[in-house]
Amino acid sequence: MANKSILGPLFGLLVLVFGFVATVSGLFGEWIVFSICLLLALVSLTVFARLRFADFVNFFVSRQARYGANVTLSIVGVIGIAVFANAIVTHRFDKRSDLTALQLYTISEQTKTVLKSLEQDIEVIAFFSRNSSQNAQSAARAEEMLELYARETKFLTISFKNPVTDIQLREMYDIQRDGTIIFKSEEGQEKVTIVDEQKFTSAILKLIRNETKKIYFLVGHEEHSVEDLLNNGYSDVKAELENQNYTAFPLSLSTKPDIPADCEALVIAGPKTALARPELNAVEKYLTRNGKLFLLLDPSVTSAKDINSGLVRLMKKWGITIGNDLVLDHARHTIWFGPIAPLPEPQPHDITLSMQDTVTFPVTRSVTPIADRPANLSVRPLLKTVGGMGGSWGETQRETDGTFSEDFTDFTYTAGADTPPPVSLAVAIERKVDANDNGNATSDPTRIVVFGDSDFAANAIFRAPNRDLFLAVINWLTLEEDLVAIRPIDLRQQALREMTLQDVRVVQITSVFFIPLIVFIAGVTVWWQRRKGESA
């Protein structure tokens, strides 16, 4: 009897200990420890019930047990009523309140207006692998935002796919980046790579407008052709533009030197012969009437004379200097071509906002903003070399025949002659327009983007991120990024310090182990004191 009085409470204590350890192990995902401790807890419970069978039975028929059962049933009843009432309210009224300071769970009135005007089905397919904490956070934010979109219209269907496992869908939609979201209708589709309300709403607007914008590519000067399927061609550019609801057309100014009125953007991609004066005049006239130009000029490596000097002089009027040099970057470049193929650093701009990887420029020249330029011109660099003084520069030293030395490692920076670092390789220009009394622009601005290389968009290397950069330029030129003006939410205003792994472990151990342990010790102490009182 004495052994039972000692062993019974001991095995009862073991039930609590093993049960607690099993619970903690389950929370931390340690399933082997969980299984062992759960088995030991069940064995201890069986032994306890065997040794203290009368106490075990009395526990379930005692007055305390009846009171506990009544309390439990009352709690279950209240929870059931709350769930039932919540289901009715959600089904009948479907109302939500966003109490966050930044309104994180509320979409703008512009977006609500667009969604309420929907009259066609749009399918949203989000590709997230959730293989990192940052990607998982983006996926969660996308789910929250798209749920808000779906609440405003019945024409939106949303699904999430894993690009790692859903290989067939990934290839069907040509997903090159984790976190890509496809907006698809019967007429076409739009790709978004940033979880942002303005990007989502703009994609929907592009689909419902059912409008195809025309992009013209200048021909007649040995430029890259959108009909050329070879490595040096731009046929992949044409295919991607068509995927983005654009159409690409060749344009010759030799017979009729005038830019068509329906030209949303003019692309001049690496001309190898000079433009005639009437053609230059047509381009200049197009820009003065708020035109959009994407100019890609390769460096002159075979001659000291720049065959594109006419375009260089025209661009100088718009606030940029296009150097007759060859840019080298010893700090960061492609391993195949060496320092003549820099991997530039993106600069802050709407065009480079979504860039996550570096672009490849096989051979490039410098494109630099002029300090002394008209006040109504906004000229901002897009890409710059990484190397500092002596690490990157625009080389101007040539051989006697006008070519650059084939041994690029012999080049050294010459102050006063070469273009100093960091070297700008691409520039975006915008001419500000007048505003009316309400602050709205009276006309579209003139926009120009100039790159010091055209081969980066050739079929041979037209892959992400080169492709994304090219499309971002076209979207910016055609004002596609400005379809809706929605102020982005700056999460840094309310961001807390990111917890380290050690901080997470401390919080987990404290909340899951130490606090319950203190409660457990307090309970055992009270039980022991009562037991001593009963014994006395």
# chains A, B, ... in the order shown; residues from 1 in each chain; ligands from 1
$ closest_atom_pairs --of "region 101-216 of chain A" --to "region 251-270 of chain A" --cutoff "8 Å" --atoms "only C-alpha atoms" --output "tab-separated table"
residue	atom	partner	partner_atom	distance
A:Lys213	CA	A:Glu264	CA	6.2
A:Lys214	CA	A:Cys263	CA	5.6
A:Ile215	CA	A:Ala265	CA	5.1
A:Tyr216	CA	A:Leu266	CA	5.0
$ residues_around --residues "Ile429 (chain A)" --least-positions-apart "5" --cutoff "8 Å" --atoms "only C-alpha atoms" --output "PyMOL selection string"
chain A and resi 318-319+377-380+446-449
$ write_last_selection --atoms "N, CA and C atoms" --output "PDB file, in the first residue's frame"
ATOM      1  N   TRP A 318      19.312  67.570 -75.617  1.00  0.00           N
ATOM      2  CA  TRP A 318      18.396  67.056 -74.602  1.00  0.00           C
ATOM      3  C   TRP A 318      19.103  66.737 -73.289  1.00  0.00           C
ATOM      4  N   GLY A 319      20.313  67.258 -73.128  1.00  0.00           N
ATOM      5  CA  GLY A 319      20.958  67.209 -71.819  1.00  0.00           C
ATOM      6  C   GLY A 319      21.871  66.046 -71.543  1.00  0.00           C
ATOM      7  N   LEU A 377      14.232  69.965 -67.990  1.00  0.00           N
ATOM      8  CA  LEU A 377      14.663  68.625 -68.354  1.00  0.00           C
ATOM      9  C   LEU A 377      15.089  67.852 -67.105  1.00  0.00           C
ATOM     10  N   SER A 378      14.493  66.688 -66.930  1.00  0.00           N
ATOM     11  CA  SER A 378      14.917  65.778 -65.868  1.00  0.00           C
ATOM     12  C   SER A 378      15.779  64.699 -66.517  1.00  0.00           C
ATOM     13  N   VAL A 379      17.069  64.685 -66.202  1.00  0.00           N
ATOM     14  CA  VAL A 379      18.016  63.736 -66.792  1.00  0.00           C
ATOM     15  C   VAL A 379      18.632  62.921 -65.659  1.00  0.00           C
ATOM     16  N   ARG A 380      18.331  61.627 -65.661  1.00  0.00           N
ATOM     17  CA  ARG A 380      18.783  60.777 -64.556  1.00  0.00           C
ATOM     18  C   ARG A 380      19.465  59.522 -65.096  1.00  0.00           C
ATOM     19  N   THR A 446       7.683  64.637 -73.072  1.00  0.00           N
ATOM     20  CA  THR A 446       8.641  63.981 -73.950  1.00  0.00           C
ATOM     21  C   THR A 446       9.531  63.093 -73.100  1.00  0.00           C
ATOM     22  N   ARG A 447       9.720  61.860 -73.538  1.00  0.00           N
ATOM     23  CA  ARG A 447      10.558  60.929 -72.791  1.00  0.00           C
ATOM     24  C   ARG A 447      11.572  60.276 -73.731  1.00  0.00           C
ATOM     25  N   ILE A 448      12.804  60.216 -73.277  1.00  0.00           N
ATOM     26  CA  ILE A 448      13.893  59.633 -74.062  1.00  0.00           C
ATOM     27  C   ILE A 448      14.726  58.741 -73.143  1.00  0.00           C
ATOM     28  N   VAL A 449      15.076  57.561 -73.628  1.00  0.00           N
ATOM     29  CA  VAL A 449      16.004  56.681 -72.925  1.00  0.00           C
ATOM     30  C   VAL A 449      17.140  56.356 -73.887  1.00  0.00           C
TER      31      VAL A 449
END
$ select_by_dssp --residues "region 204-290 of chain A" --states "helix (DSSP H, G or I)" --output "list in words"
Ile204, Leu205, Lys206, Leu207, Ile208, Arg209, Ser235, Asp236, Val237, Lys238, Ala239, Glu240, Leu241, Glu242, Asn243, Arg277, Pro278, Glu279, Leu280, Asn281, Ala282, Val283, Glu284, Lys285, Tyr286, Leu287 and Thr288 of chain A
$ atom_distance --atom1 "CA of Gln347 (chain A)" --atom2 "CA of Ala428 (chain A)"
10.8 Å
$ closest_residue --among "A:Asp121, A:Glu144, A:Asp455, A:Glu186" --to "Thr157 (chain A)" --atoms "only C-alpha atoms"
A:Asp121
$ residues_around --residues "region 363-367 of chain A" --least-positions-apart "6" --cutoff "6 Å" --atoms "only C-alpha atoms" --output "list in words"
Pro299, Thr321, Ile322, Gly323, Asp325, Leu326, Val327, Ile340, Ala341, Ser424, Leu425, Ala426, Gly452 and Asp453 of chain A
